[in-house]
Amino acid sequence: MRGTVQDRRALFDVAVAGPLVGLVFAIPALLIGLQYSTVVTTNAAPEMSHSGVDIGSSFLMAMLSKLALGSAAAEGHRLILHPLAFAGWLGLLLTALTRFLHQMVVCAEAG
């Protein structure tokens, strides 16, 4: 962006573009990586109970796990994430964090 912003709509478009592009890359990476991830039951492998991610740890993770893995993704199971799935999960986290921090800055400037 060069120069000053013409109006608030243009500023809004620029502010929304970053998180949307992050989601466009993070969600497919997470879905593809989940297909290569390993589903582990904590009863079958007690030594794995402290590693991996709970499938029901968040609503979005539960929904994307069910979409990518189908019936293999049951509540109470854990996922040993493939590196691509971890990158997608990290992308979602950073997108949410960026959006949260951006909102905090906007509120602080307006207050």
# chains A, B, ... in the order shown; residues from 1 in each chain; ligands from 1
call {"tool": "select_by_dssp", "arguments": {"residues": "segment 14-111 of chain A", "states": "helix (DSSP H, G or I)", "output": "number ranges by chain"}}
result
A: 14-36, 46-48, 59-72, 83-110
call {"tool": "closest_atom_pairs", "arguments": {"of": "segment 12-66 of chain A", "to": "segment 77-95 of chain A", "cutoff": "6 Å", "atoms": "only C-alpha atoms", "output": "Markdown table"}}
result
| residue | atom | partner | partner_atom | distance |
| --- | --- | --- | --- | --- |
| A:Pro19 | CA | A:Thr95 | CA | 5.6 |
| A:Ala26 | CA | A:Gly88 | CA | 4.4 |
| A:Ala29 | CA | A:Gly88 | CA | 4.9 |
| A:Leu30 | CA | A:Gly88 | CA | 4.2 |
| A:Gly33 | CA | A:Ala85 | CA | 3.8 |
| A:Leu34 | CA | A:Ala85 | CA | 5.4 |
| A:Tyr36 | CA | A:His82 | CA | 5.9 |
| A:Ser37 | CA | A:His82 | CA | 4.8 |
| A:Thr38 | CA | A:Ile80 | CA | 5.1 |
| A:Val39 | CA | A:Leu79 | CA | 4.7 |
| A:Val40 | CA | A:Arg78 | CA | 5.2 |
| A:Thr41 | CA | A:His77 | CA | 4.8 |
| A:Gly52 | CA | A:Ile80 | CA | 4.5 |
| A:Val53 | CA | A:Leu79 | CA | 5.1 |
| A:Asp54 | CA | A:Arg78 | CA | 4.6 |
| A:Ile55 | CA | A:Arg78 | CA | 5.7 |
call {"tool": "atom_distance", "arguments": {"atom1": "atom CA of Val105 of chain A", "atom2": "atom CA of Val21 of chain A"}}
result
20.6 Å
call {"tool": "atom_distance", "arguments": {"atom1": "atom CA of Ile27 of chain A", "atom2": "atom CA of Ala10 of chain A"}}
result
26.1 Å
call {"tool": "select_by_dssp", "arguments": {"residues": "segment 5-110 of chain A", "states": "strand (DSSP E or B)", "output": "list in words"}}
result
Thr38, Val39, Val40, Thr41, Val53, Asp54, His77, Arg78, Leu79 and Ile80 of chain A
call {"tool": "atom_distance", "arguments": {"atom1": "atom CA of Leu31 of chain A", "atom2": "atom CA of Leu101 of chain A"}}
result
26.0 Å
call {"tool": "residues_around", "arguments": {"residues": "Ala15 of chain A", "least_positions_apart": "3", "cutoff": "12 Å", "atoms": "only C-alpha atoms", "output": "MDAnalysis selection string"}}
result
chainID A and resid 1 5 8:12 18:21 98:99 102:103 106
call {"tool": "write_last_selection", "arguments": {"atoms": "N, CA and C atoms", "output": "PDB file, in the first residue's frame"}}
result
ATOM      1  N   MET A   1       0.835  -1.176   0.000  1.00  0.00           N
ATOM      2  CA  MET A   1       0.000   0.000   0.000  1.00  0.00           C
ATOM      3  C   MET A   1       0.877   1.236   0.000  1.00  0.00           C
ATOM      4  N   VAL A   5      -4.839   5.856   2.966  1.00  0.00           N
ATOM      5  CA  VAL A   5      -6.006   5.062   2.630  1.00  0.00           C
ATOM      6  C   VAL A   5      -7.145   6.006   2.235  1.00  0.00           C
ATOM      7  N   ARG A   8     -12.588   4.120   4.731  1.00  0.00           N
ATOM      8  CA  ARG A   8     -12.573   3.043   5.720  1.00  0.00           C
ATOM      9  C   ARG A   8     -12.799   1.677   5.088  1.00  0.00           C
ATOM     10  N   ARG A   9     -13.550   1.626   4.005  1.00  0.00           N
ATOM     11  CA  ARG A   9     -13.806   0.347   3.336  1.00  0.00           C
ATOM     12  C   ARG A   9     -12.506  -0.255   2.800  1.00  0.00           C
ATOM     13  N   ALA A  10     -11.666   0.554   2.208  1.00  0.00           N
ATOM     14  CA  ALA A  10     -10.382   0.063   1.699  1.00  0.00           C
ATOM     15  C   ALA A  10      -9.496  -0.414   2.846  1.00  0.00           C
ATOM     16  N   LEU A  11      -9.519   0.300   3.966  1.00  0.00           N
ATOM     17  CA  LEU A  11      -8.748  -0.115   5.126  1.00  0.00           C
ATOM     18  C   LEU A  11      -9.265  -1.440   5.679  1.00  0.00           C
ATOM     19  N   PHE A  12     -10.576  -1.605   5.696  1.00  0.00           N
ATOM     20  CA  PHE A  12     -11.175  -2.852   6.156  1.00  0.00           C
ATOM     21  C   PHE A  12     -10.780  -4.009   5.242  1.00  0.00           C
ATOM     22  N   GLY A  18      -5.448 -10.443   5.226  1.00  0.00           N
ATOM     23  CA  GLY A  18      -4.402 -11.253   5.843  1.00  0.00           C
ATOM     24  C   GLY A  18      -4.927 -12.510   6.519  1.00  0.00           C
ATOM     25  N   PRO A  19      -5.879 -12.392   7.458  1.00  0.00           N
ATOM     26  CA  PRO A  19      -6.413 -13.596   8.092  1.00  0.00           C
ATOM     27  C   PRO A  19      -7.118 -14.534   7.119  1.00  0.00           C
ATOM     28  N   LEU A  20      -7.783 -14.005   6.113  1.00  0.00           N
ATOM     29  CA  LEU A  20      -8.459 -14.874   5.150  1.00  0.00           C
ATOM     30  C   LEU A  20      -7.457 -15.677   4.327  1.00  0.00           C
ATOM     31  N   VAL A  21      -6.381 -15.065   3.931  1.00  0.00           N
ATOM     32  CA  VAL A  21      -5.347 -15.787   3.188  1.00  0.00           C
ATOM     33  C   VAL A  21      -4.711 -16.845   4.095  1.00  0.00           C
ATOM     34  N   THR A  98      -3.330 -13.466  15.600  1.00  0.00           N
ATOM     35  CA  THR A  98      -3.172 -12.212  14.867  1.00  0.00           C
ATOM     36  C   THR A  98      -4.472 -11.415  14.877  1.00  0.00           C
ATOM     37  N   ARG A  99      -5.576 -12.112  14.644  1.00  0.00           N
ATOM     38  CA  ARG A  99      -6.884 -11.443  14.635  1.00  0.00           C
ATOM     39  C   ARG A  99      -7.210 -10.878  16.016  1.00  0.00           C
ATOM     40  N   HIS A 102      -4.967  -7.872  16.694  1.00  0.00           N
ATOM     41  CA  HIS A 102      -5.419  -6.754  15.880  1.00  0.00           C
ATOM     42  C   HIS A 102      -6.645  -6.098  16.508  1.00  0.00           C
ATOM     43  N   GLN A 103      -7.564  -6.899  17.001  1.00  0.00           N
ATOM     44  CA  GLN A 103      -8.766  -6.364  17.646  1.00  0.00           C
ATOM     45  C   GLN A 103      -8.399  -5.595  18.916  1.00  0.00           C
ATOM     46  N   VAL A 106      -7.037  -2.186  17.903  1.00  0.00           N
ATOM     47  CA  VAL A 106      -8.119  -1.313  17.432  1.00  0.00           C
ATOM     48  C   VAL A 106      -8.904  -0.772  18.615  1.00  0.00           C
TER      49      VAL A 106
END
